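A short write-up of the structure that comes next.
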Amino acid sequence: MEAKMERFFESVGNFFTGGDNIPWCDRDLIAGIERELADAVNDEQRNASLMRLSWALVHSRQTDDVNRGISMLQASLDNSGSPLETKEKMYLLAVGLYRIGDYSKSRQLADRCLEIQPDWRQAMSLKKAIEDKIAKDGVIGIGIATAAVGLVVGGIAALARKK
């Protein structure tokens, strides 16, 4: 019984905080990877640093960083060296789109990742986070609409009583 109560309170808390399991990245890590990229001496090091930088940017709390990561990934998606790299870039792009609130595109990319590798836990987790966020936003939207209708009806009723 106690475990059920714990899960209930955790789910309520996650509802209001938007609790997902996608990690965040701080500005110091991004700056370090940018230095690493600047110091890269060959294409292999440069490409590896670019992937790490893309990961860090889309996991940032700063919208400008996330948008920069999205742009980098979109520009490099067609130039991927392997199907694995393409899948990784699609996933990171989906994370970035999720972070900026473009849930529809994010879900499409997560679905494409799962078509390539159906058992990929990160993509499954992201898809669940997207669906939870869409459901939460829908519930909040319904609540706001209901409150607005209630205020209008209440106002009309108050005016009707005054006459």
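Residue numbers start at 1 in each chain; chains themselves are named A, B, ... in the order of the structure tokens; ligands are numbered from 1 in the order shown.
Look at stretch 27-34 of chain A: the protein and nucleic acid residues within 7 Å of it, using only C-alpha atoms and passing over chain neighbours fewer than 2 places away, are Cys25, Glu36, Leu37, Ala38, Ser49, Leu53, Ala56 and Leu57 of chain A.
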#### Entry: Secondary structure check, alpha helix (DSSP H) residues of stretch 10-153 of chain A, as a ChimeraX atom specification
/A:10-17,27-38,43-58,63-76,83-99,103-116,121-153
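Proximity to A:Asn47 was assessed for A:Gly69, A:Glu85, A:Arg61, A:Lys162 counting only C-alpha atoms; the smallest distance is recorded for A:Glu85.
Closest approach to A:Gly96 among A:Ile22, A:Ala123, A:Ile70, A:Ala129 is made by A:Ile70 (distances from only C-alpha atoms).
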### Task
Within 9 Å of A:Arg68, counting only C-alpha atoms, which residues show up once you throw out same-chain ones fewer than 4 positions away? Write them as a PyMOL selection string, please.
chain A and resi 54+57-58+63-64+72-73
### Counting only C-alpha atoms, the residue of A:Met90, A:Ile100, A:Ile134, A:Val95 that sits nearest A:Leu114
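Under the stated criterion, the closest residue is A:Met90.
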### Message
So the first atom is atom CA of A:Asn21 and the second is atom CA of A:Lys128; what is the distance between them in Å, to one decimal place?
### Response
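We find that atom CA of A:Asn21 and atom CA of A:Lys128 lie 10.1 Å from each other.
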### Task
Compile the contact shell of A:His59 as a list in words: residues with an atom at most 7 Å away, counting only C-alpha atoms, same-chain residues fewer than 4 positions apart removed.
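The contact residues come out as Pro23, Trp24, Cys25, Trp55 and Val66 of chain A.
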Using only all heavy atoms, please write the residues we just selected to a file, as a short mmCIF file (atom, residue, chain, number, x, y, z; two decimals), in the first residue's frame.
data_model
loop_
_atom_site.label_atom_id
_atom_site.label_comp_id
_atom_site.auth_asym_id
_atom_site.auth_seq_id
_atom_site.Cartn_x
_atom_site.Cartn_y
_atom_site.Cartn_z
N PRO A 23 18.33 14.02 -19.39
CA PRO A 23 19.31 14.81 -18.62
C PRO A 23 19.46 16.24 -19.12
O PRO A 23 19.14 16.55 -20.26
CB PRO A 23 20.61 14.03 -18.81
CG PRO A 23 20.43 13.28 -20.08
CD PRO A 23 18.96 12.98 -20.19
N TRP A 24 19.97 17.07 -18.24
CA TRP A 24 20.28 18.47 -18.56
C TRP A 24 21.79 18.61 -18.67
O TRP A 24 22.54 17.80 -18.14
CB TRP A 24 19.76 19.39 -17.47
CG TRP A 24 18.27 19.44 -17.40
CD1 TRP A 24 17.48 18.79 -16.49
CD2 TRP A 24 17.38 20.16 -18.24
NE1 TRP A 24 16.16 19.07 -16.73
CE2 TRP A 24 16.07 19.91 -17.81
CE3 TRP A 24 17.56 21.00 -19.34
CZ2 TRP A 24 14.95 20.46 -18.41
CZ3 TRP A 24 16.44 21.56 -19.94
CH2 TRP A 24 15.16 21.29 -19.48
N CYS A 25 22.23 19.65 -19.33
CA CYS A 25 23.65 19.91 -19.49
C CYS A 25 23.91 21.36 -19.09
O CYS A 25 23.10 22.24 -19.39
CB CYS A 25 24.04 19.68 -20.94
SG CYS A 25 25.78 19.92 -21.26
N TRP A 55 24.93 17.01 -28.66
CA TRP A 55 24.28 16.41 -27.49
C TRP A 55 24.16 17.43 -26.37
O TRP A 55 23.09 17.61 -25.78
CB TRP A 55 25.08 15.19 -27.00
CG TRP A 55 24.43 14.51 -25.84
CD1 TRP A 55 23.59 13.45 -25.89
CD2 TRP A 55 24.53 14.86 -24.44
NE1 TRP A 55 23.16 13.11 -24.61
CE2 TRP A 55 23.73 13.97 -23.72
CE3 TRP A 55 25.21 15.84 -23.75
CZ2 TRP A 55 23.59 14.03 -22.34
CZ3 TRP A 55 25.08 15.91 -22.37
CH2 TRP A 55 24.28 15.00 -21.67
N VAL A 66 19.78 25.26 -27.17
CA VAL A 66 18.96 24.19 -27.75
C VAL A 66 18.71 24.48 -29.24
O VAL A 66 18.87 23.60 -30.09
CB VAL A 66 17.64 24.00 -26.98
CG1 VAL A 66 16.76 22.95 -27.66
CG2 VAL A 66 17.90 23.62 -25.53
#
### Message
I'd like to know which of A:Leu97, A:Arg161, A:Leu92, A:Ser106 is closest to A:Arg52, using only C-alpha atoms.
### Response
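That would be A:Leu92, the residue with the smallest distance to A:Arg52.
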#### Entry: Selection near stretch 116-118 of chain A, 12 Å with only C-alpha atoms, sequence-local residues under 6 positions removed, as a list of chain:residue names
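Using only C-alpha atoms, the neighbours found are A:Pro83, A:Leu84, A:Glu85, A:Thr86, A:Lys87, A:Glu88, A:Met90, A:Tyr91, A:Leu109, A:Ala110, A:Met124, A:Ser125, A:Lys127.
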